[in-house]
Structure formats: structure tokens, C-alpha cells
$ cat protein.cif   # mmCIF, C-alpha atoms
data_model
#
loop_
_atom_site.label_atom_id
_atom_site.label_comp_id
_atom_site.auth_asym_id
_atom_site.auth_seq_id
_atom_site.Cartn_x
_atom_site.Cartn_y
_atom_site.Cartn_z
CA MET A 872 -22.31 -2.18 -3.21
CA ARG A 873 -21.08 -5.76 -2.99
CA ILE A 874 -17.30 -5.67 -2.57
CA VAL A 875 -15.01 -8.71 -2.59
CA ILE A 876 -11.67 -8.31 -0.78
CA ALA A 877 -8.55 -10.47 -1.00
CA GLY A 878 -6.04 -9.86 1.78
CA ALA A 879 -8.78 -8.85 4.21
CA SER A 880 -6.95 -10.26 7.23
CA GLY A 881 -4.05 -7.79 7.06
CA PHE A 882 -3.79 -4.33 8.59
CA LEU A 883 -5.23 -2.51 5.58
CA GLY A 884 -7.66 -5.30 4.70
CA GLN A 885 -9.24 -5.43 8.15
CA SER A 886 -9.47 -1.66 8.28
CA LEU A 887 -11.06 -1.41 4.82
CA ARG A 888 -13.53 -4.19 5.56
CA GLU A 889 -14.70 -2.41 8.72
CA HIS A 890 -14.83 0.98 6.95
CA LEU A 891 -16.90 -0.35 4.05
CA ALA A 892 -19.31 -2.20 6.34
CA LEU A 893 -19.84 0.94 8.44
CA ASN A 894 -20.73 2.76 5.21
CA GLY A 895 -23.39 0.19 4.32
CA HIS A 896 -21.52 -1.96 1.79
CA ASP A 897 -21.75 -5.76 1.65
CA VAL A 898 -18.23 -7.20 2.00
CA VAL A 899 -17.10 -10.72 1.08
CA ARG A 900 -13.64 -11.94 2.16
CA LEU A 901 -11.59 -14.32 0.04
CA VAL A 902 -9.92 -16.78 2.45
CA ARG A 903 -7.42 -19.63 2.06
CA GLY A 904 -9.08 -21.85 4.69
CA GLU A 905 -12.59 -23.18 5.13
CA PRO A 906 -15.23 -20.40 5.07
CA VAL A 907 -17.00 -19.88 8.40
CA SER A 908 -19.75 -17.52 7.23
CA ASP A 909 -21.68 -16.40 4.15
CA HIS A 910 -19.32 -13.42 3.99
CA GLU A 911 -16.31 -15.62 3.17
CA SER A 912 -15.34 -17.54 0.05
CA ARG A 913 -12.45 -19.95 -0.33
CA TRP A 914 -9.84 -19.41 -3.02
CA ASP A 915 -6.41 -20.74 -3.99
CA PRO A 916 -4.50 -18.06 -5.92
CA GLY A 917 -1.41 -20.26 -6.16
CA ARG A 918 -3.46 -22.59 -8.40
CA GLY A 919 -5.45 -19.77 -10.00
CA ILE A 920 -8.69 -20.87 -8.35
CA VAL A 921 -11.48 -18.52 -7.22
CA ASP A 922 -15.25 -19.01 -7.15
CA GLN A 923 -16.39 -17.41 -10.40
CA ALA A 924 -19.91 -16.90 -9.04
CA VAL A 925 -18.51 -14.71 -6.25
CA ILE A 926 -16.67 -12.53 -8.79
CA ASP A 927 -19.74 -12.40 -11.05
CA GLY A 928 -21.84 -11.16 -8.13
CA ALA A 929 -19.44 -8.39 -7.14
CA ASP A 930 -19.59 -4.70 -7.98
CA VAL A 931 -15.93 -4.23 -7.01
CA VAL A 932 -13.04 -6.63 -6.37
CA VAL A 933 -10.14 -5.41 -4.21
CA ASN A 934 -6.76 -7.14 -3.93
CA LEU A 935 -4.68 -6.24 -0.88
CA ALA A 936 -2.85 -9.58 -0.63
CA GLY A 937 0.94 -9.66 -0.31
CA ALA A 938 3.65 -11.05 1.96
CA PRO A 939 5.18 -8.49 4.38
CA ILE A 940 8.00 -6.33 3.01
CA ALA A 941 9.43 -5.81 6.51
CA HIS A 942 11.00 -9.27 6.63
CA TRP A 943 14.66 -10.09 7.05
CA PRO A 944 16.58 -11.60 5.39
CA TRP A 945 15.40 -11.27 1.80
CA THR A 946 16.56 -14.68 0.66
CA ASP A 947 15.92 -15.81 -2.91
CA ALA A 948 13.06 -17.91 -1.56
CA TYR A 949 11.50 -14.94 0.25
CA LYS A 950 11.86 -12.68 -2.80
CA LYS A 951 9.88 -15.29 -4.73
CA THR A 952 7.26 -15.23 -1.96
CA LEU A 953 7.11 -11.43 -2.16
CA ARG A 954 6.52 -11.63 -5.89
CA ASP A 955 4.12 -14.57 -6.05
CA SER A 956 1.94 -13.32 -3.20
CA ARG A 957 1.31 -10.16 -5.19
CA VAL A 958 1.47 -11.16 -8.84
CA ARG A 959 -0.38 -14.48 -8.67
CA THR A 960 -3.22 -13.11 -6.55
CA THR A 961 -3.66 -10.14 -8.88
CA ARG A 962 -3.55 -12.27 -12.01
CA THR A 963 -6.05 -14.81 -10.62
CA LEU A 964 -8.55 -12.03 -9.87
CA ALA A 965 -7.89 -10.18 -13.14
CA GLU A 966 -8.55 -13.34 -15.14
CA ALA A 967 -11.75 -14.05 -13.19
CA ILE A 968 -12.94 -10.49 -13.82
CA ALA A 969 -12.12 -10.86 -17.53
CA ALA A 970 -14.19 -14.07 -17.62
CA SER A 971 -17.15 -12.40 -15.93
CA SER A 972 -20.06 -11.05 -17.96
CA SER A 973 -20.68 -8.41 -15.27
CA ARG A 974 -17.09 -7.05 -15.37
CA PRO A 975 -16.78 -5.80 -11.78
CA ALA A 976 -14.34 -2.98 -11.12
CA PHE A 977 -10.88 -3.98 -9.86
CA LEU A 978 -8.87 -2.11 -7.21
CA ALA A 979 -5.37 -3.55 -7.34
CA GLN A 980 -2.99 -2.68 -4.51
CA ASN A 981 0.55 -1.71 -5.52
CA GLY A 982 3.43 0.34 -4.14
CA ILE A 983 5.63 3.32 -4.96
CA ALA A 984 8.81 1.23 -5.28
CA GLY A 985 8.51 1.24 -9.07
CA TYR A 986 9.49 4.91 -9.14
CA GLY A 987 12.94 4.05 -7.79
CA ASP A 988 15.36 6.32 -5.95
CA ARG A 989 14.66 9.74 -7.52
CA GLY A 990 16.02 12.30 -5.05
CA ASP A 991 13.89 15.47 -4.94
CA GLU A 992 12.24 14.95 -8.34
CA ILE A 993 8.46 15.41 -8.06
CA LEU A 994 6.79 12.13 -9.03
CA THR A 995 3.23 11.84 -10.30
CA GLU A 996 1.39 8.99 -11.98
CA GLU A 997 2.83 10.20 -15.30
CA SER A 998 6.45 9.78 -14.12
CA SER A 999 8.56 6.91 -15.46
CA THR A 1000 8.87 3.71 -13.44
CA PRO A 1001 12.28 2.12 -14.09
CA GLY A 1002 11.76 -0.66 -11.55
CA ASP A 1003 15.47 -0.75 -10.78
CA THR A 1004 15.26 -2.53 -7.39
CA THR A 1005 13.89 -5.93 -6.38
CA LEU A 1006 10.66 -4.44 -5.07
CA GLY A 1007 10.52 -2.03 -8.00
CA ARG A 1008 10.59 -4.90 -10.48
CA ILE A 1009 7.96 -6.75 -8.47
CA SER A 1010 5.76 -3.63 -8.48
CA LEU A 1011 5.83 -3.46 -12.27
CA GLU A 1012 4.95 -7.15 -12.62
CA TRP A 1013 2.25 -6.64 -10.00
CA GLN A 1014 0.69 -3.90 -12.13
CA GLU A 1015 1.08 -5.88 -15.35
CA ALA A 1016 -0.87 -8.73 -13.77
CA THR A 1017 -4.03 -6.57 -14.02
CA THR A 1018 -3.80 -6.72 -17.84
CA PRO A 1019 -6.52 -9.39 -18.40
CA ALA A 1020 -9.09 -7.22 -16.61
CA VAL A 1021 -7.95 -4.08 -18.43
CA GLU A 1022 -8.10 -5.74 -21.83
CA ALA A 1023 -11.56 -7.13 -21.06
CA GLY A 1024 -12.82 -3.57 -20.51
CA ALA A 1025 -13.21 -3.65 -16.75
CA ARG A 1026 -12.63 -0.48 -14.73
CA VAL A 1027 -9.22 -0.97 -13.10
CA CYS A 1028 -7.55 1.27 -10.51
CA VAL A 1029 -3.94 0.51 -9.58
CA MET A 1030 -3.31 1.91 -6.08
CA ARG A 1031 0.36 2.87 -5.63
CA THR A 1032 0.26 3.15 -1.87
CA ALA A 1033 2.79 5.06 0.24
CA VAL A 1034 3.45 4.35 3.95
CA VAL A 1035 0.04 4.23 5.66
CA LEU A 1036 0.23 5.77 9.13
CA HIS A 1037 -1.52 4.39 12.19
CA LYS A 1038 -0.04 3.36 15.51
CA ARG A 1039 -1.91 0.03 15.58
CA GLY A 1040 -0.46 -1.34 12.35
CA GLY A 1041 1.78 -0.96 9.32
CA ALA A 1042 5.19 0.72 9.43
CA LEU A 1043 4.28 3.16 12.21
CA LYS A 1044 3.56 0.46 14.81
CA PRO A 1045 7.22 -0.54 15.38
CA LEU A 1046 8.37 3.07 14.88
CA TYR A 1047 5.92 4.25 17.53
CA LEU A 1048 7.37 1.82 20.07
CA LEU A 1049 10.94 2.72 19.10
CA PHE A 1050 10.36 6.47 19.35
CA ARG A 1051 8.42 6.13 22.60
CA SER A 1052 11.51 4.49 24.09
CA GLY A 1053 13.68 7.44 22.98
CA LEU A 1054 15.60 5.40 20.39
CA GLY A 1055 14.19 6.99 17.23
CA GLY A 1056 16.22 8.97 14.73
CA PRO A 1057 16.81 9.65 11.03
CA ILE A 1058 17.75 6.87 8.62
CA GLY A 1059 20.92 7.55 6.64
CA ASP A 1060 21.34 11.27 5.98
CA GLY A 1061 17.57 11.76 6.37
CA ARG A 1062 17.29 13.76 3.14
CA GLN A 1063 15.40 11.04 1.28
CA TYR A 1064 11.70 11.74 0.72
CA PHE A 1065 9.40 9.53 2.77
CA PRO A 1066 5.85 9.69 1.39
CA THR A 1067 3.03 8.93 3.82
CA ILE A 1068 -0.76 8.91 4.03
CA SER A 1069 -3.03 8.67 7.06
CA LEU A 1070 -5.02 5.46 7.45
CA ASN A 1071 -8.18 7.59 7.45
CA ASP A 1072 -7.34 9.15 4.07
CA TRP A 1073 -6.21 5.81 2.61
CA LEU A 1074 -9.58 4.28 3.53
CA ARG A 1075 -11.43 7.26 2.13
CA ALA A 1076 -9.35 7.21 -1.08
CA ALA A 1077 -9.88 3.47 -1.62
CA THR A 1078 -13.63 3.92 -1.08
CA PHE A 1079 -13.61 6.93 -3.44
CA LEU A 1080 -12.01 4.81 -6.18
CA ALA A 1081 -14.37 1.90 -5.54
CA THR A 1082 -17.53 3.96 -5.76
CA ASN A 1083 -16.72 6.43 -8.55
CA GLU A 1084 -17.27 5.08 -12.05
CA LYS A 1085 -15.10 7.79 -13.61
CA CYS A 1086 -11.97 6.62 -11.77
CA HIS A 1087 -9.63 4.31 -13.63
CA GLY A 1088 -5.91 3.92 -14.19
CA ILE A 1089 -3.00 4.54 -11.84
CA TYR A 1090 -3.40 6.44 -8.57
CA ASN A 1091 -0.76 7.46 -6.04
CA LEU A 1092 -2.37 6.90 -2.63
CA SER A 1093 -0.03 9.28 -0.84
CA GLY A 1094 -0.63 12.49 1.05
CA PRO A 1095 0.13 15.80 -0.69
CA GLY A 1096 3.30 17.67 0.23
CA PRO A 1097 5.63 14.72 0.92
CA THR A 1098 8.35 15.30 3.51
CA THR A 1099 11.82 13.90 4.06
CA ASN A 1100 12.74 11.15 6.50
CA GLU A 1101 14.40 13.72 8.76
CA GLU A 1102 11.32 15.95 8.77
CA PHE A 1103 9.16 12.92 9.58
CA THR A 1104 11.54 11.90 12.37
CA LYS A 1105 11.60 15.34 13.98
CA GLU A 1106 7.82 15.73 13.84
CA LEU A 1107 7.14 12.28 15.30
CA GLY A 1108 9.68 12.89 18.08
CA ARG A 1109 8.15 16.31 18.82
CA MET A 1110 4.63 14.89 19.02
CA LEU A 1111 5.77 12.09 21.34
CA ASN A 1112 7.99 14.48 23.31
CA ARG A 1113 11.00 12.23 22.78
CA PRO A 1114 14.56 12.90 21.51
CA THR A 1115 15.49 11.85 17.97
CA LEU A 1116 19.26 11.65 18.23
CA VAL A 1117 19.88 7.99 17.34
CA ARG A 1118 20.77 8.15 13.65
CA ALA A 1119 20.95 4.89 11.66
CA PRO A 1120 23.99 5.24 9.31
CA ALA A 1121 23.51 4.10 5.71
CA TRP A 1122 26.56 1.88 5.25
CA PRO A 1123 25.86 -0.66 8.03
CA MET A 1124 22.20 -0.80 6.97
CA ARG A 1125 23.23 -1.68 3.42
CA LYS A 1126 25.64 -4.31 4.73
CA VAL A 1127 23.20 -5.93 7.15
CA LEU A 1128 19.88 -5.50 5.34
CA GLY A 1129 21.10 -5.92 1.76
CA GLN A 1130 18.42 -5.19 -0.85
CA LEU A 1131 15.84 -4.35 1.83
CA SER A 1132 17.91 -1.24 2.63
CA ASN A 1133 16.95 0.23 -0.77
CA GLU A 1134 13.39 0.62 0.50
CA LEU A 1135 14.56 2.58 3.55
CA LEU A 1136 17.24 4.74 1.95
CA GLY A 1137 15.64 5.45 -1.44
CA SER A 1138 13.88 8.77 -2.08
CA ALA A 1139 10.46 9.09 -3.74
CA ARG A 1140 8.81 12.53 -3.71
CA VAL A 1141 5.37 11.24 -4.66
CA GLU A 1142 2.35 13.47 -5.24
CA PRO A 1143 -1.30 12.24 -5.62
CA ALA A 1144 -2.00 14.13 -8.85
CA HIS A 1145 -4.76 11.87 -10.19
CA LEU A 1146 -6.71 11.72 -6.94
CA LEU A 1147 -6.69 15.50 -6.68
CA ALA A 1148 -7.64 15.90 -10.34
CA ASP A 1149 -10.64 13.60 -9.85
CA GLY A 1150 -11.90 15.68 -6.94
CA PHE A 1151 -10.70 13.75 -3.88
CA GLU A 1152 -10.14 15.96 -0.83
CA PHE A 1153 -7.65 14.91 1.84
CA GLU A 1154 -8.63 15.34 5.47
CA GLN A 1155 -4.99 15.06 6.61
CA SER A 1156 -3.02 17.00 4.00
CA THR A 1157 0.05 17.81 6.12
CA LEU A 1158 2.52 15.61 7.98
CA ASN A 1159 1.40 17.08 11.31
CA GLU A 1160 -2.23 16.21 10.55
CA ARG A 1161 -1.31 12.73 9.35
CA LEU A 1162 0.66 11.94 12.48
CA ALA A 1163 -1.97 13.49 14.76
CA SER A 1164 -4.59 11.24 13.16
CA ALA A 1165 -2.29 8.20 13.39
CA LEU A 1166 -1.47 8.72 17.06
CA SER A 1167 -4.99 9.54 18.25
#
$ encode --input "protein.cif" --output "C-alpha cells"
Amino acid sequence: MRIVIAGASGFLGQSLREHLALNGHDVVRLVRGEPVSDHESRWDPGRGIVDQAVIDGADVVVNLAGAPIAHWPWTDAYKKTLRDSRVRTTRTLAEAIAASSSRPAFLAQNGIAGYGDRGDEILTEESSTPGDTTLGRISLEWQEATTPAVEAGARVCVMRTAVVLHKRGGALKPLYLLFRSGLGGPIGDGRQYFPTISLNDWLRAATFLATNEKCHGIYNLSGPGPTTNEEFTKELGRMLNRPTLVRAPAWPMRKVLGQLSNELLGSARVEPAHLLADGFEFEQSTLNERLASALS
């Protein structure tokens, strides 16, 4: 298949590009600068510009673009960057897909923040999404930006991605270094659910959605059997043979981090109901397996 990827320079984008190429797919990167090969195409999502011929020639378009969430402080200017880097890129691609006679499929990255802080309530793709935090509201706008492609009849998969685990990138990279130094510990009371997925299973799930015509709609890209932050902390410490006694209290985190603290202290017990219903099989279905894969 010919697959066009936006956000291909990030941790997930680089990994997906390599994974798809190893599986025989032709991958084209959308880049902001001057293209340096036939496998790159310049675009300007801030101005809504993308080469229509590149979209017309694609079987699947994937958007993984977005400014990092792990940035402090979340000023008003940075919150706008968080939003625009997700919503504008998605809308630019959705409109190009809608204008295409070939109607390529669209895999639109998203997050689980839209579910909000829900305690131990089991959350599937059918659960409500109140969007009651900054990132939650952005997530809902991010999804809504796919509307032009949906209304044009394209096959659209919205990927609500949990924390993707691998020691060379994403959230686990700084945690790995922290825990290796013996300074890891639970966040807040540790009872909040902390959904995760191995990088291997995320890549396999994204490829599954890209290559299966029956797949469309919202998908939680999260491993089955989500665990709490404290369970994650204890298992990571055990596997690294390090203590996990340094607890990060909630109140100073809220004071120092502001709205960013909602993403660390909120609880989302997310289950991948639609992936499982469509026949996807996880290779790392437990936290132990996910961490073992991530640390290998």
C-alpha cells in the first residue's frame, strides 16, 4: 500500500514509518521543509496547504502530528500550539481527502484525555467524552476535525492512544532514567488508572487499522486490563530492581504544574473494545509483558 504520514519525525512517526517499510509498504512523509527525496512531500498545515496529488495517490493517510504534551509551563500561547498542531493538521488532511476522487482511508491520531477523570469506571469507545480539561477539549476538537473526510465517505479511524511504552521514546524514556536512578515512585495516591500499550502492539494495531477495510470509527489503542499508577510503578521498579519509595504528592504537583497535572493525576480505565471486536490480537496483553517488551 502507499501510505502518507504526517508527523513522521516523532517517536511514533519514525517507528511506524520503519514498521510499514519493513512490511513492504511504500511510505511518503509530509515535511515542513524542502523535500530531500521522492519519499517526502512539502506541506503547510498552518495555511491548509498539502499537495493534492500526493493525497490522491495514497491508499491511507496517517496524521501523527502534534506538539509535545510534556511541556511546562502550559501558557495560553502553548495551549494554542497544542491545539493548532493537532486540529489544523487533521483538518487540512481531512479536507484534502474529501476533495480526492480516490478517497484514501484516514488514520487520525487522538488521545484518551477526552474521557476525563473517571475513577474506576470501565471506559470503551461507547463511553461519553465530556472533554472537561484543556487536553480533553482539544481531543474533541481534534476528532471533530476529521468531519470533512467522514462526510465525504472516506474510511476514517480515530486512534485514541494511551501511553505507548518503549525505553527509547515517549513517556517511558524519562521514567526509565528516573527509576534507574532509584528516584521513581507513585504519583499522587497512585490509585488512578494509567492505561498503556506496548510500542509493538501500537504499531501492529495502527497497521491493522490501515490495512483492514472493515475498520472505521473510534478505536482505543490501549492494552487490555489497564492498571493503576501504583501498580505500574511497582512493576517497573521490580523489573529494574530499584526501590519505588519517592512518592510525588498531588497538591504540589497541582500548584507547580497547573493544568498539566490533570493529565498525571486523572484516572481513565480504558479498554480496547473495538479492536478486540474486530479481531485484533495483542501480543503484550498484560502490564508485565508490555514493560518487558518496552525494556528489551
$ resolve_selection --input "protein.cif" --expression "the PyMOL selection byres ((chain A and resi 1146-1148) around 12)" --output "number ranges by chain"
A: 995-996, 1028-1031, 1072-1073, 1075-1080, 1083, 1085-1095, 1142-1145, 1149-1153, 1156
$ resolve_selection --input "protein.cif" --expression "the PyMOL selection byres ((chain A and resi 1118) around 9)" --output "PDB file with C-alpha atoms, keeping the file's coordinate frame"
ATOM      1  CA  LEU A1054      15.600   5.400  20.390  1.00  0.00           C
ATOM      2  CA  GLY A1055      14.190   6.990  17.230  1.00  0.00           C
ATOM      3  CA  GLY A1056      16.220   8.970  14.730  1.00  0.00           C
ATOM      4  CA  PRO A1057      16.810   9.650  11.030  1.00  0.00           C
ATOM      5  CA  ILE A1058      17.750   6.870   8.620  1.00  0.00           C
ATOM      6  CA  GLY A1059      20.920   7.550   6.640  1.00  0.00           C
ATOM      7  CA  ASP A1060      21.340  11.270   5.980  1.00  0.00           C
ATOM      8  CA  GLY A1061      17.570  11.760   6.370  1.00  0.00           C
ATOM      9  CA  THR A1115      15.490  11.850  17.970  1.00  0.00           C
ATOM     10  CA  LEU A1116      19.260  11.650  18.230  1.00  0.00           C
ATOM     11  CA  VAL A1117      19.880   7.990  17.340  1.00  0.00           C
ATOM     12  CA  ALA A1119      20.950   4.890  11.660  1.00  0.00           C
ATOM     13  CA  PRO A1120      23.990   5.240   9.310  1.00  0.00           C
TER      14      PRO A1120
END
$ closest_residue --input "protein.cif" --among "A:Leu1111, A:Ile920, A:Ile926, A:Ala1139" --to "A:Ala1033" --atoms "all atoms listed in the file"
A:Ala1139
$ resolve_selection --input "protein.cif" --expression "the PyMOL selection byres ((chain A and resi 942) around 12)" --output "ChimeraX atom specification"
/A:938-941,943-946,949-950,952-953,1042,1128-1132,1134
$ atom_distance --input "protein.cif" --atom1 "atom CA of A:Ala970" --atom2 "atom CA of A:Trp1013"
19.6 Å
$ closest_residue --input "protein.cif" --among "A:Ile993, A:Ala967, A:Leu883, A:Leu1011" --to "A:Thr1098" --atoms "all atoms listed in the file"
A:Ile993
